[in-house]
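S.K.: Please find one structure pasted underneath; my questions will follow.
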Amino acid sequence: MMNGHSRGSVLLRHEVGLHARPSVKLTKLAKSFQSRIDLGLSAEGPWIDAKSIVKVMAAKAPKDTELHFRAEGDDAADAVAALVGLVERDFDDGD
Amino acid sequence: MMATEESRQGRAASPGMAAGPLLRLDDGDAGVRAAGTPVMETAALRRAMAEAADELAGLADAAGDDEAAAVLAVQIALLEDEALTEAAFVAIAGGTPADVAFRAALDAQVADYAAAEDAYFRARAADLEDLRDRVLRRLAGVAERALPGDAILAAADLPPSRFLAVPWAGGGLALERGSATSHVAILARARGVPMLVGVALRGLEDGAPALLDGAAGTLVVRPDPATAAAFAERRAAWEERRAVEAAYLAKPAVTADGTRVRVMLNIAGPDDLAPLDPAHVDGIGLVRSEFLFQGRDRLPGEEEQLAAYRRILDWAGDRPVTIRTLDAGGDKPIPGLTRAGEGNPFLGVRGLRLSLRHPEVFRVQLRALARAAVAGNLKVMVPMVSVPDELRRCRDLLDEALAGLEGEGVPAARPPLGMMVEVPAAALSVADFDADFLSIGSNDLIQYTMAASRDEPELAELAEPSPAVMELIARVAVHGAATGREVSLCGDLAGEPRHVPALLGAGLRTLSMAPTSVAAVKAAVARWRAAG
């Protein structure tokens, strides 16, 4: 079985940063993939588990943070693309 | 002992009036429980968490609206995350009782959020406390205390999940902490539950009869018979009026003789718009941009301002949105910007006077506004203009900002530049100002015309709109009509139905007010017809 690696980054535009509701959406989406997925607030980390809402919320990423994702696993590329897309679409909500 | 009336002033968080027994709530301390072996304690905590998750899921189902469901979904997601309780289970394995271990694990995270710089993240501390206390109650085997819906609940803070468990029926809520932007305040407004925040509860007796006025921000305990009678009268009138006004809310404002009047909103920031329907108003007549500076010690950058302005424009769609540039000073100090210790701050360096003295701050706001103007029907208004030269200098700075943005290739547009008319000198010589539109700030116009502080209760009579004030208002309206400039009024007068006839009589056709006044003002407009 091939192990894939993928990385991506996206600018967080959500008005109040990565707070409660965006964090729920982000971690739910991350959990829908098999790959191990990490979230970092810089390209060098530190890295946190993107499937843990406790850790994602605790990162308290403010608006205009560059979010970095890295994934390892069979669906790594799809996972990073999906997460970057969610942030780009501003979490599919207007608030 | 004679019971004496006690009145406490808080801040309005949700309008409405409630009467009922005061019910003091403790902070959900679970009491002492007997601890078992680490294996038993681990199982006990897992069971308590599963029960808490079930309760939350049940509340989310029963809540029936997106706002409530979203608040609860966050707690459910937290509970499902092993990272929430990792530290607790490690401590339990080492011999710590389940409740002590769980509390310690959650308290550490609560403290982390409570120390956050950003108000949104600080508010999440309350969600975690809510979750902590729910699990601790399950762990202690304490049944959820059923809270009555017809009492006035008084607490340091009330978590959203407990708010949602109350079968609200005429009761109200008074909190010592909290803010108008907390989850529970948003829920209270959505459900029409009267609510105050920032009210001191110390010394108030559990079970005493109480009256709460969510609009005035007051809580009265053990009211005198006269106070109670007056309150009952106001409450009955309020309820009757609400029923009548509700019929007007969704309709355009039209006078009895068929003249269309534009009804606009005054807001303090994008958060105010969450519970409102844009179809009920003709636009936003006043955005107080001071909200950008609230609860922070640094000035927000251009991008952050731009995002906030865009949120408001998105809500409004094609409707006009008038954003007032920073109106600091007077009763609105901003640390590091306004001057401390001015002898008479209302006559001091405030509003545009302050902005012109801090071009480095003003420039950022003008750039953000010019960029936002691409995204919607944006107008920019400056406060506290006294002489034409101030407006001219402001227009020059706007020109500079636009030229700079163009040079950088950043998309921008020129918004109409208007002014507040709140200094009598500006009202008297209004024709000399190169303003694209005019908006009368009646609060300051009255206080400056009458030389009477609006915060002085003994001078309340002088704060009523006198013939002198009405003459200034009419003068501005006439000038607007003669020169094709829109004139609106965005002070408190516009939101008071009893003053609507005088304002329409003076020639105004655009009124801007707090969201809670919209229905009542539309009803008052519908009753009015032009004399003769």
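We name chains A, B, ... following the order of the structure tokens; residues begin at 1 in each chain, and ligands are numbered from 1 as shown.
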Write out as a PDB file with N, CA and C atoms, in the first residue's frame the set of residues from stretch 200-399 of chain B that DSSP, computed on the backbone, places in alpha helix (DSSP H).
M.R.:
ATOM      1  N   PRO B 225     -45.425  49.055  46.545  1.00  0.00           N
ATOM      2  CA  PRO B 225     -46.673  48.882  45.785  1.00  0.00           C
ATOM      3  C   PRO B 225     -46.772  49.859  44.616  1.00  0.00           C
ATOM      4  N   ALA B 226     -46.306  51.069  44.827  1.00  0.00           N
ATOM      5  CA  ALA B 226     -46.408  52.056  43.748  1.00  0.00           C
ATOM      6  C   ALA B 226     -45.521  51.665  42.568  1.00  0.00           C
ATOM      7  N   THR B 227     -44.299  51.197  42.877  1.00  0.00           N
ATOM      8  CA  THR B 227     -43.387  50.770  41.807  1.00  0.00           C
ATOM      9  C   THR B 227     -43.992  49.599  41.052  1.00  0.00           C
ATOM     10  N   ALA B 228     -44.558  48.630  41.828  1.00  0.00           N
ATOM     11  CA  ALA B 228     -45.120  47.437  41.210  1.00  0.00           C
ATOM     12  C   ALA B 228     -46.295  47.798  40.304  1.00  0.00           C
ATOM     13  N   ALA B 229     -47.119  48.744  40.774  1.00  0.00           N
ATOM     14  CA  ALA B 229     -48.282  49.140  39.970  1.00  0.00           C
ATOM     15  C   ALA B 229     -47.834  49.829  38.684  1.00  0.00           C
ATOM     16  N   ALA B 230     -46.833  50.704  38.829  1.00  0.00           N
ATOM     17  CA  ALA B 230     -46.343  51.413  37.645  1.00  0.00           C
ATOM     18  C   ALA B 230     -45.722  50.429  36.656  1.00  0.00           C
ATOM     19  N   PHE B 231     -45.010  49.442  37.194  1.00  0.00           N
ATOM     20  CA  PHE B 231     -44.371  48.447  36.340  1.00  0.00           C
ATOM     21  C   PHE B 231     -45.440  47.632  35.604  1.00  0.00           C
ATOM     22  N   ALA B 232     -46.470  47.198  36.347  1.00  0.00           N
ATOM     23  CA  ALA B 232     -47.530  46.391  35.733  1.00  0.00           C
ATOM     24  C   ALA B 232     -48.199  47.168  34.602  1.00  0.00           C
ATOM     25  N   GLU B 233     -48.377  48.455  34.843  1.00  0.00           N
ATOM     26  CA  GLU B 233     -48.994  49.295  33.820  1.00  0.00           C
ATOM     27  C   GLU B 233     -48.115  49.385  32.571  1.00  0.00           C
ATOM     28  N   ARG B 234     -46.814  49.615  32.823  1.00  0.00           N
ATOM     29  CA  ARG B 234     -45.895  49.723  31.687  1.00  0.00           C
ATOM     30  C   ARG B 234     -45.801  48.397  30.942  1.00  0.00           C
ATOM     31  N   ARG B 235     -45.830  47.296  31.727  1.00  0.00           N
ATOM     32  CA  ARG B 235     -45.710  45.990  31.103  1.00  0.00           C
ATOM     33  C   ARG B 235     -46.930  45.691  30.230  1.00  0.00           C
ATOM     34  N   ALA B 236     -48.103  46.016  30.755  1.00  0.00           N
ATOM     35  CA  ALA B 236     -49.331  45.765  29.990  1.00  0.00           C
ATOM     36  C   ALA B 236     -49.322  46.607  28.715  1.00  0.00           C
ATOM     37  N   ALA B 237     -48.924  47.871  28.868  1.00  0.00           N
ATOM     38  CA  ALA B 237     -48.886  48.750  27.703  1.00  0.00           C
ATOM     39  C   ALA B 237     -47.864  48.238  26.687  1.00  0.00           C
ATOM     40  N   TRP B 238     -46.750  47.773  27.220  1.00  0.00           N
ATOM     41  CA  TRP B 238     -45.682  47.273  26.358  1.00  0.00           C
ATOM     42  C   TRP B 238     -46.146  46.051  25.570  1.00  0.00           C
ATOM     43  N   GLU B 239     -46.828  45.129  26.282  1.00  0.00           N
ATOM     44  CA  GLU B 239     -47.285  43.917  25.608  1.00  0.00           C
ATOM     45  C   GLU B 239     -48.343  44.224  24.549  1.00  0.00           C
ATOM     46  N   GLU B 240     -49.219  45.153  24.889  1.00  0.00           N
ATOM     47  CA  GLU B 240     -50.262  45.505  23.931  1.00  0.00           C
ATOM     48  C   GLU B 240     -49.633  46.161  22.694  1.00  0.00           C
ATOM     49  N   ARG B 241     -48.690  47.061  22.982  1.00  0.00           N
ATOM     50  CA  ARG B 241     -48.040  47.758  21.889  1.00  0.00           C
ATOM     51  C   ARG B 241     -47.272  46.780  21.001  1.00  0.00           C
ATOM     52  N   ARG B 242     -46.592  45.829  21.660  1.00  0.00           N
ATOM     53  CA  ARG B 242     -45.828  44.844  20.897  1.00  0.00           C
ATOM     54  C   ARG B 242     -46.722  44.089  19.926  1.00  0.00           C
ATOM     55  N   ALA B 243     -47.901  43.713  20.405  1.00  0.00           N
ATOM     56  CA  ALA B 243     -48.815  42.954  19.560  1.00  0.00           C
ATOM     57  C   ALA B 243     -49.234  43.787  18.351  1.00  0.00           C
ATOM     58  N   VAL B 244     -49.541  45.069  18.613  1.00  0.00           N
ATOM     59  CA  VAL B 244     -49.957  45.951  17.516  1.00  0.00           C
ATOM     60  C   VAL B 244     -48.790  46.186  16.550  1.00  0.00           C
ATOM     61  N   GLU B 245     -47.623  46.473  17.162  1.00  0.00           N
ATOM     62  CA  GLU B 245     -46.467  46.828  16.336  1.00  0.00           C
ATOM     63  C   GLU B 245     -45.970  45.664  15.494  1.00  0.00           C
ATOM     64  N   ALA B 246     -46.123  44.446  16.034  1.00  0.00           N
ATOM     65  CA  ALA B 246     -45.630  43.279  15.308  1.00  0.00           C
ATOM     66  C   ALA B 246     -46.218  43.255  13.908  1.00  0.00           C
ATOM     67  N   ALA B 247     -47.452  43.762  13.787  1.00  0.00           N
ATOM     68  CA  ALA B 247     -48.117  43.768  12.492  1.00  0.00           C
ATOM     69  C   ALA B 247     -47.430  44.729  11.518  1.00  0.00           C
ATOM     70  N   TYR B 248     -46.715  45.731  12.067  1.00  0.00           N
ATOM     71  CA  TYR B 248     -46.068  46.726  11.205  1.00  0.00           C
ATOM     72  C   TYR B 248     -44.639  46.366  10.839  1.00  0.00           C
ATOM     73  N   LEU B 249     -44.033  45.471  11.634  1.00  0.00           N
ATOM     74  CA  LEU B 249     -42.587  45.253  11.520  1.00  0.00           C
ATOM     75  C   LEU B 249     -42.138  44.939  10.092  1.00  0.00           C
ATOM     76  N   GLU B 302      -6.150  47.494   8.850  1.00  0.00           N
ATOM     77  CA  GLU B 302      -7.000  47.757   7.691  1.00  0.00           C
ATOM     78  C   GLU B 302      -7.791  46.515   7.285  1.00  0.00           C
ATOM     79  N   GLU B 303      -7.110  45.351   7.246  1.00  0.00           N
ATOM     80  CA  GLU B 303      -7.788  44.126   6.800  1.00  0.00           C
ATOM     81  C   GLU B 303      -8.912  43.751   7.757  1.00  0.00           C
ATOM     82  N   GLU B 304      -8.648  43.898   9.038  1.00  0.00           N
ATOM     83  CA  GLU B 304      -9.653  43.524  10.030  1.00  0.00           C
ATOM     84  C   GLU B 304     -10.870  44.440   9.934  1.00  0.00           C
ATOM     85  N   GLN B 305     -10.612  45.738   9.765  1.00  0.00           N
ATOM     86  CA  GLN B 305     -11.727  46.678   9.602  1.00  0.00           C
ATOM     87  C   GLN B 305     -12.518  46.350   8.339  1.00  0.00           C
ATOM     88  N   LEU B 306     -11.785  46.091   7.268  1.00  0.00           N
ATOM     89  CA  LEU B 306     -12.425  45.790   5.993  1.00  0.00           C
ATOM     90  C   LEU B 306     -13.363  44.589   6.132  1.00  0.00           C
ATOM     91  N   ALA B 307     -12.893  43.547   6.808  1.00  0.00           N
ATOM     92  CA  ALA B 307     -13.716  42.339   6.957  1.00  0.00           C
ATOM     93  C   ALA B 307     -14.990  42.648   7.747  1.00  0.00           C
ATOM     94  N   ALA B 308     -14.848  43.488   8.788  1.00  0.00           N
ATOM     95  CA  ALA B 308     -16.019  43.834   9.600  1.00  0.00           C
ATOM     96  C   ALA B 308     -17.015  44.653   8.772  1.00  0.00           C
ATOM     97  N   TYR B 309     -16.517  45.611   7.997  1.00  0.00           N
ATOM     98  CA  TYR B 309     -17.410  46.427   7.174  1.00  0.00           C
ATOM     99  C   TYR B 309     -18.106  45.547   6.127  1.00  0.00           C
ATOM    100  N   ARG B 310     -17.352  44.611   5.553  1.00  0.00           N
ATOM    101  CA  ARG B 310     -17.949  43.737   4.540  1.00  0.00           C
ATOM    102  C   ARG B 310     -19.049  42.869   5.111  1.00  0.00           C
ATOM    103  N   ARG B 311     -18.867  42.423   6.358  1.00  0.00           N
ATOM    104  CA  ARG B 311     -19.921  41.605   6.973  1.00  0.00           C
ATOM    105  C   ARG B 311     -21.221  42.389   7.050  1.00  0.00           C
ATOM    106  N   ILE B 312     -21.102  43.680   7.378  1.00  0.00           N
ATOM    107  CA  ILE B 312     -22.298  44.512   7.498  1.00  0.00           C
ATOM    108  C   ILE B 312     -22.913  44.739   6.114  1.00  0.00           C
ATOM    109  N   LEU B 313     -22.053  45.010   5.123  1.00  0.00           N
ATOM    110  CA  LEU B 313     -22.558  45.232   3.760  1.00  0.00           C
ATOM    111  C   LEU B 313     -23.206  43.964   3.207  1.00  0.00           C
ATOM    112  N   ASP B 314     -22.623  42.820   3.517  1.00  0.00           N
ATOM    113  CA  ASP B 314     -23.206  41.549   3.049  1.00  0.00           C
ATOM    114  C   ASP B 314     -24.617  41.384   3.590  1.00  0.00           C
ATOM    115  N   TRP B 315     -24.776  41.722   4.875  1.00  0.00           N
ATOM    116  CA  TRP B 315     -26.101  41.586   5.505  1.00  0.00           C
ATOM    117  C   TRP B 315     -27.105  42.487   4.792  1.00  0.00           C
ATOM    118  N   ALA B 316     -26.664  43.704   4.465  1.00  0.00           N
ATOM    119  CA  ALA B 316     -27.600  44.699   3.937  1.00  0.00           C
ATOM    120  C   ALA B 316     -27.951  44.466   2.469  1.00  0.00           C
ATOM    121  N   LEU B 352     -14.438  63.863  14.876  1.00  0.00           N
ATOM    122  CA  LEU B 352     -13.540  64.201  13.763  1.00  0.00           C
ATOM    123  C   LEU B 352     -12.350  65.023  14.237  1.00  0.00           C
ATOM    124  N   ARG B 353     -12.570  65.819  15.278  1.00  0.00           N
ATOM    125  CA  ARG B 353     -11.449  66.622  15.813  1.00  0.00           C
ATOM    126  C   ARG B 353     -10.295  65.707  16.196  1.00  0.00           C
ATOM    127  N   LEU B 354     -10.620  64.581  16.799  1.00  0.00           N
ATOM    128  CA  LEU B 354      -9.600  63.617  17.227  1.00  0.00           C
ATOM    129  C   LEU B 354      -8.983  62.938  15.998  1.00  0.00           C
ATOM    130  N   SER B 355      -9.856  62.518  15.046  1.00  0.00           N
ATOM    131  CA  SER B 355      -9.349  61.806  13.865  1.00  0.00           C
ATOM    132  C   SER B 355      -8.384  62.669  13.065  1.00  0.00           C
ATOM    133  N   LEU B 356      -8.693  63.976  12.945  1.00  0.00           N
ATOM    134  CA  LEU B 356      -7.819  64.859  12.164  1.00  0.00           C
ATOM    135  C   LEU B 356      -6.474  65.060  12.861  1.00  0.00           C
ATOM    136  N   ARG B 357      -6.445  64.852  14.173  1.00  0.00           N
ATOM    137  CA  ARG B 357      -5.182  64.977  14.903  1.00  0.00           C
ATOM    138  C   ARG B 357      -4.406  63.668  14.925  1.00  0.00           C
ATOM    139  N   PRO B 359      -3.887  61.417  12.010  1.00  0.00           N
ATOM    140  CA  PRO B 359      -4.077  60.954  10.625  1.00  0.00           C
ATOM    141  C   PRO B 359      -3.597  59.521  10.402  1.00  0.00           C
ATOM    142  N   GLU B 360      -2.637  59.052  11.207  1.00  0.00           N
ATOM    143  CA  GLU B 360      -2.129  57.686  11.015  1.00  0.00           C
ATOM    144  C   GLU B 360      -3.219  56.668  11.350  1.00  0.00           C
ATOM    145  N   VAL B 361      -4.111  57.026  12.297  1.00  0.00           N
ATOM    146  CA  VAL B 361      -5.223  56.137  12.645  1.00  0.00           C
ATOM    147  C   VAL B 361      -6.369  56.324  11.653  1.00  0.00           C
ATOM    148  N   PHE B 362      -6.646  57.565  11.337  1.00  0.00           N
ATOM    149  CA  PHE B 362      -7.776  57.900  10.455  1.00  0.00           C
ATOM    150  C   PHE B 362      -7.556  57.321   9.054  1.00  0.00           C
ATOM    151  N   ARG B 363      -6.305  57.397   8.577  1.00  0.00           N
ATOM    152  CA  ARG B 363      -5.974  56.933   7.239  1.00  0.00           C
ATOM    153  C   ARG B 363      -6.314  55.452   7.081  1.00  0.00           C
ATOM    154  N   VAL B 364      -6.020  54.661   8.121  1.00  0.00           N
ATOM    155  CA  VAL B 364      -6.307  53.221   8.059  1.00  0.00           C
ATOM    156  C   VAL B 364      -7.814  53.007   7.897  1.00  0.00           C
ATOM    157  N   GLN B 365      -8.596  53.777   8.653  1.00  0.00           N
ATOM    158  CA  GLN B 365     -10.047  53.616   8.567  1.00  0.00           C
ATOM    159  C   GLN B 365     -10.566  54.059   7.192  1.00  0.00           C
ATOM    160  N   LEU B 366     -10.056  55.164   6.681  1.00  0.00           N
ATOM    161  CA  LEU B 366     -10.522  55.642   5.369  1.00  0.00           C
ATOM    162  C   LEU B 366     -10.154  54.667   4.255  1.00  0.00           C
ATOM    163  N   ARG B 367      -8.968  54.080   4.347  1.00  0.00           N
ATOM    164  CA  ARG B 367      -8.574  53.078   3.337  1.00  0.00           C
ATOM    165  C   ARG B 367      -9.489  51.860   3.405  1.00  0.00           C
ATOM    166  N   ALA B 368      -9.746  51.385   4.614  1.00  0.00           N
ATOM    167  CA  ALA B 368     -10.621  50.208   4.757  1.00  0.00           C
ATOM    168  C   ALA B 368     -12.024  50.520   4.233  1.00  0.00           C
ATOM    169  N   LEU B 369     -12.509  51.738   4.497  1.00  0.00           N
ATOM    170  CA  LEU B 369     -13.849  52.114   4.035  1.00  0.00           C
ATOM    171  C   LEU B 369     -13.890  52.202   2.511  1.00  0.00           C
ATOM    172  N   ALA B 370     -12.851  52.804   1.911  1.00  0.00           N
ATOM    173  CA  ALA B 370     -12.821  52.931   0.444  1.00  0.00           C
ATOM    174  C   ALA B 370     -12.767  51.552  -0.203  1.00  0.00           C
ATOM    175  N   ARG B 371     -12.066  50.621   0.433  1.00  0.00           N
ATOM    176  CA  ARG B 371     -12.008  49.266  -0.116  1.00  0.00           C
ATOM    177  C   ARG B 371     -13.346  48.566   0.062  1.00  0.00           C
ATOM    178  N   ALA B 372     -13.985  48.781   1.208  1.00  0.00           N
ATOM    179  CA  ALA B 372     -15.282  48.140   1.446  1.00  0.00           C
ATOM    180  C   ALA B 372     -16.340  48.681   0.485  1.00  0.00           C
ATOM    181  N   PRO B 388     -16.738  74.230   8.114  1.00  0.00           N
ATOM    182  CA  PRO B 388     -16.570  73.578   6.807  1.00  0.00           C
ATOM    183  C   PRO B 388     -15.154  73.064   6.558  1.00  0.00           C
ATOM    184  N   ASP B 389     -14.150  73.753   7.126  1.00  0.00           N
ATOM    185  CA  ASP B 389     -12.774  73.365   6.859  1.00  0.00           C
ATOM    186  C   ASP B 389     -12.477  71.939   7.356  1.00  0.00           C
ATOM    187  N   GLU B 390     -13.125  71.548   8.470  1.00  0.00           N
ATOM    188  CA  GLU B 390     -12.885  70.196   8.994  1.00  0.00           C
ATOM    189  C   GLU B 390     -13.338  69.149   7.981  1.00  0.00           C
ATOM    190  N   LEU B 391     -14.497  69.379   7.370  1.00  0.00           N
ATOM    191  CA  LEU B 391     -15.000  68.425   6.385  1.00  0.00           C
ATOM    192  C   LEU B 391     -14.106  68.427   5.141  1.00  0.00           C
ATOM    193  N   ARG B 392     -13.605  69.619   4.782  1.00  0.00           N
ATOM    194  CA  ARG B 392     -12.723  69.721   3.624  1.00  0.00           C
ATOM    195  C   ARG B 392     -11.446  68.912   3.845  1.00  0.00           C
ATOM    196  N   ARG B 393     -10.890  69.038   5.046  1.00  0.00           N
ATOM    197  CA  ARG B 393      -9.658  68.290   5.350  1.00  0.00           C
ATOM    198  C   ARG B 393      -9.923  66.790   5.328  1.00  0.00           C
ATOM    199  N   CYS B 394     -11.103  66.428   5.764  1.00  0.00           N
ATOM    200  CA  CYS B 394     -11.483  65.013   5.761  1.00  0.00           C
ATOM    201  C   CYS B 394     -11.576  64.496   4.326  1.00  0.00           C
ATOM    202  N   ARG B 395     -12.171  65.338   3.445  1.00  0.00           N
ATOM    203  CA  ARG B 395     -12.304  64.940   2.041  1.00  0.00           C
ATOM    204  C   ARG B 395     -10.918  64.804   1.395  1.00  0.00           C
ATOM    205  N   ASP B 396      -9.990  65.704   1.770  1.00  0.00           N
ATOM    206  CA  ASP B 396      -8.622  65.609   1.239  1.00  0.00           C
ATOM    207  C   ASP B 396      -7.982  64.280   1.649  1.00  0.00           C
ATOM    208  N   LEU B 397      -8.182  63.897   2.913  1.00  0.00           N
ATOM    209  CA  LEU B 397      -7.591  62.640   3.382  1.00  0.00           C
ATOM    210  C   LEU B 397      -8.203  61.444   2.648  1.00  0.00           C
ATOM    211  N   LEU B 398      -9.514  61.543   2.368  1.00  0.00           N
ATOM    212  CA  LEU B 398     -10.169  60.465   1.620  1.00  0.00           C
ATOM    213  C   LEU B 398      -9.595  60.393   0.204  1.00  0.00           C
ATOM    214  N   ASP B 399      -9.391  61.585  -0.417  1.00  0.00           N
ATOM    215  CA  ASP B 399      -8.780  61.622  -1.751  1.00  0.00           C
ATOM    216  C   ASP B 399      -7.412  60.947  -1.731  1.00  0.00           C
TER     217      ASP B 399
END
S.K.: Up to 9 Å from chain A, what residues of chain B turn up? Count only C-alpha atoms and give them as a list in words.
M.R.: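 My answer is Ala70, Val71, Ala73, Val74, Ala77, Leu78, Asp81, Glu82, Ala83, Leu84, Gln109, Asp112, Tyr113, Ala116, Asp118, Tyr120, Phe121, Arg124, Pro270, Asp271, Ala274, Glu303, Glu304, Ala307, Ala308, Arg311, Asp314 and Trp315 of chain B.
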S.K.: For the selection you just gave me, I'd like the residues written to a file as a short mmCIF file (atom, residue, chain, number, x, y, z; two decimals), in the first residue's frame, keeping N, CA and C atoms.
M.R.:
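The resulting file, again18.cif, is shown below:
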data_model
loop_
_atom_site.label_atom_id
_atom_site.label_comp_id
_atom_site.auth_asym_id
_atom_site.auth_seq_id
_atom_site.Cartn_x
_atom_site.Cartn_y
_atom_site.Cartn_z
N ALA B 70 -26.26 24.86 17.24
CA ALA B 70 -24.84 25.08 16.97
C ALA B 70 -24.06 25.24 18.27
N VAL B 71 -24.66 25.95 19.24
CA VAL B 71 -24.00 26.13 20.53
C VAL B 71 -23.78 24.78 21.20
N ALA B 73 -23.78 21.82 19.71
CA ALA B 73 -22.93 20.95 18.90
C ALA B 73 -21.46 21.10 19.28
N VAL B 74 -21.07 22.32 19.66
CA VAL B 74 -19.69 22.55 20.08
C VAL B 74 -19.40 21.74 21.34
N ALA B 77 -19.20 18.01 20.55
CA ALA B 77 -17.93 17.69 19.87
C ALA B 77 -16.77 17.69 20.86
N LEU B 78 -16.78 18.62 21.81
CA LEU B 78 -15.72 18.66 22.82
C LEU B 78 -15.74 17.39 23.65
N ASP B 81 -14.15 14.32 22.20
CA ASP B 81 -12.72 14.40 21.88
C ASP B 81 -11.89 13.89 23.06
N GLU B 82 -11.11 12.83 22.82
CA GLU B 82 -10.28 12.26 23.88
C GLU B 82 -9.33 13.29 24.48
N ALA B 83 -8.94 14.25 23.67
CA ALA B 83 -7.97 15.24 24.15
C ALA B 83 -8.53 16.07 25.31
N LEU B 84 -9.88 16.13 25.41
CA LEU B 84 -10.48 16.91 26.49
C LEU B 84 -10.14 16.29 27.85
N GLN B 109 -8.16 24.19 31.01
CA GLN B 109 -8.55 24.68 29.68
C GLN B 109 -9.40 25.95 29.79
N ASP B 112 -7.13 28.77 30.28
CA ASP B 112 -6.44 29.10 29.03
C ASP B 112 -7.32 30.01 28.17
N TYR B 113 -8.60 29.68 28.06
CA TYR B 113 -9.49 30.52 27.25
C TYR B 113 -9.76 31.87 27.93
N ALA B 116 -7.44 34.49 27.04
CA ALA B 116 -7.23 34.81 25.62
C ALA B 116 -7.38 36.30 25.37
N ASP B 118 -8.56 37.62 22.62
CA ASP B 118 -9.73 37.88 21.79
C ASP B 118 -11.01 37.58 22.57
N TYR B 120 -13.90 36.71 21.60
CA TYR B 120 -14.62 35.50 21.18
C TYR B 120 -14.06 34.27 21.86
N PHE B 121 -12.75 34.20 21.97
CA PHE B 121 -12.15 33.03 22.62
C PHE B 121 -12.38 33.09 24.12
N ARG B 124 -15.53 31.51 25.12
CA ARG B 124 -15.60 30.04 25.09
C ARG B 124 -15.31 29.43 26.45
N PRO B 270 -21.28 44.36 13.59
CA PRO B 270 -21.92 43.27 12.84
C PRO B 270 -22.72 42.32 13.73
N ASP B 271 -22.29 42.14 14.98
CA ASP B 271 -22.98 41.18 15.85
C ASP B 271 -24.44 41.56 16.09
N ALA B 274 -27.23 39.86 13.79
CA ALA B 274 -27.53 38.43 13.74
C ALA B 274 -29.02 38.12 13.85
N GLU B 303 -7.11 45.35 7.25
CA GLU B 303 -7.79 44.13 6.80
C GLU B 303 -8.91 43.75 7.76
N GLU B 304 -8.65 43.90 9.04
CA GLU B 304 -9.65 43.52 10.03
C GLU B 304 -10.87 44.44 9.93
N ALA B 307 -12.89 43.55 6.81
CA ALA B 307 -13.72 42.34 6.96
C ALA B 307 -14.99 42.65 7.75
N ALA B 308 -14.85 43.49 8.79
CA ALA B 308 -16.02 43.83 9.60
C ALA B 308 -17.01 44.65 8.77
N ARG B 311 -18.87 42.42 6.36
CA ARG B 311 -19.92 41.61 6.97
C ARG B 311 -21.22 42.39 7.05
N ASP B 314 -22.62 42.82 3.52
CA ASP B 314 -23.21 41.55 3.05
C ASP B 314 -24.62 41.38 3.59
N TRP B 315 -24.78 41.72 4.88
CA TRP B 315 -26.10 41.59 5.50
C TRP B 315 -27.11 42.49 4.79
#
S.K.: Excluding A:His68 and its own-chain neighbours fewer than 3 positions away, which residues fall within 12 Å of it when counting only C-alpha atoms? Please give them as a VMD selection string.
M.R.: chain A and resid 6 to 12 37 to 50 61 65 71 80 to 81 83 to 84 87
S.K.: Any chance you could list, as a list of chain:residue names, the residues in chain A that come up strand (DSSP E) when DSSP is run on the backbone?
M.R.: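 Strand (DSSP E) assignments inside chain A correspond to A:Gly4, A:His5, A:Ser6, A:Arg7, A:Gly8, A:Ser9, A:Val10, A:Leu11, A:Arg36, A:Ile37, A:Asp38, A:Leu39, A:Gly40, A:Trp47, A:Ile48, A:Asp49, A:Glu66, A:Leu67, A:His68, A:Phe69, A:Arg70, A:Ala71, A:Glu72, A:Gly73.
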S.K.: Would you put the residues from that selection into a file with C-alpha atoms, as an mmCIF file, in the first residue's frame?
M.R.:
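Generated file (out_30.cif):
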data_model
loop_
_atom_site.group_PDB
_atom_site.id
_atom_site.type_symbol
_atom_site.label_atom_id
_atom_site.label_comp_id
_atom_site.auth_asym_id
_atom_site.auth_seq_id
_atom_site.Cartn_x
_atom_site.Cartn_y
_atom_site.Cartn_z
ATOM 1 C CA GLY A 4 0.921 9.535 0.534
ATOM 2 C CA HIS A 5 2.187 12.789 1.950
ATOM 3 C CA SER A 6 0.514 16.082 1.249
ATOM 4 C CA ARG A 7 0.802 19.651 2.465
ATOM 5 C CA GLY A 8 -1.173 22.797 1.889
ATOM 6 C CA SER A 9 -1.804 26.209 3.369
ATOM 7 C CA VAL A 10 -4.597 28.757 3.291
ATOM 8 C CA LEU A 11 -5.303 32.193 4.749
ATOM 9 C CA ARG A 36 -3.253 11.415 9.931
ATOM 10 C CA ILE A 37 -3.772 15.162 9.571
ATOM 11 C CA ASP A 38 -1.924 17.918 11.396
ATOM 12 C CA LEU A 39 -2.642 21.607 11.604
ATOM 13 C CA GLY A 40 0.059 24.207 12.162
ATOM 14 C CA TRP A 47 1.749 20.650 14.729
ATOM 15 C CA ILE A 48 -1.511 19.702 16.364
ATOM 16 C CA ASP A 49 -3.999 16.954 15.574
ATOM 17 C CA GLU A 66 -1.961 31.317 7.522
ATOM 18 C CA LEU A 67 -3.191 27.795 8.360
ATOM 19 C CA HIS A 68 -0.905 24.946 7.334
ATOM 20 C CA PHE A 69 -2.112 21.379 6.882
ATOM 21 C CA ARG A 70 0.006 18.297 6.451
ATOM 22 C CA ALA A 71 -1.403 14.826 5.988
ATOM 23 C CA GLU A 72 0.014 11.342 5.767
ATOM 24 C CA GLY A 73 -1.987 8.376 4.482
#
S.K.: Hey, what's within 8 Å of B:Gly207 if we count only C-alpha atoms and toss same-chain stuff fewer than 4 positions away? As a PyMOL selection string, please?
M.R.: chain B and resi 21-24
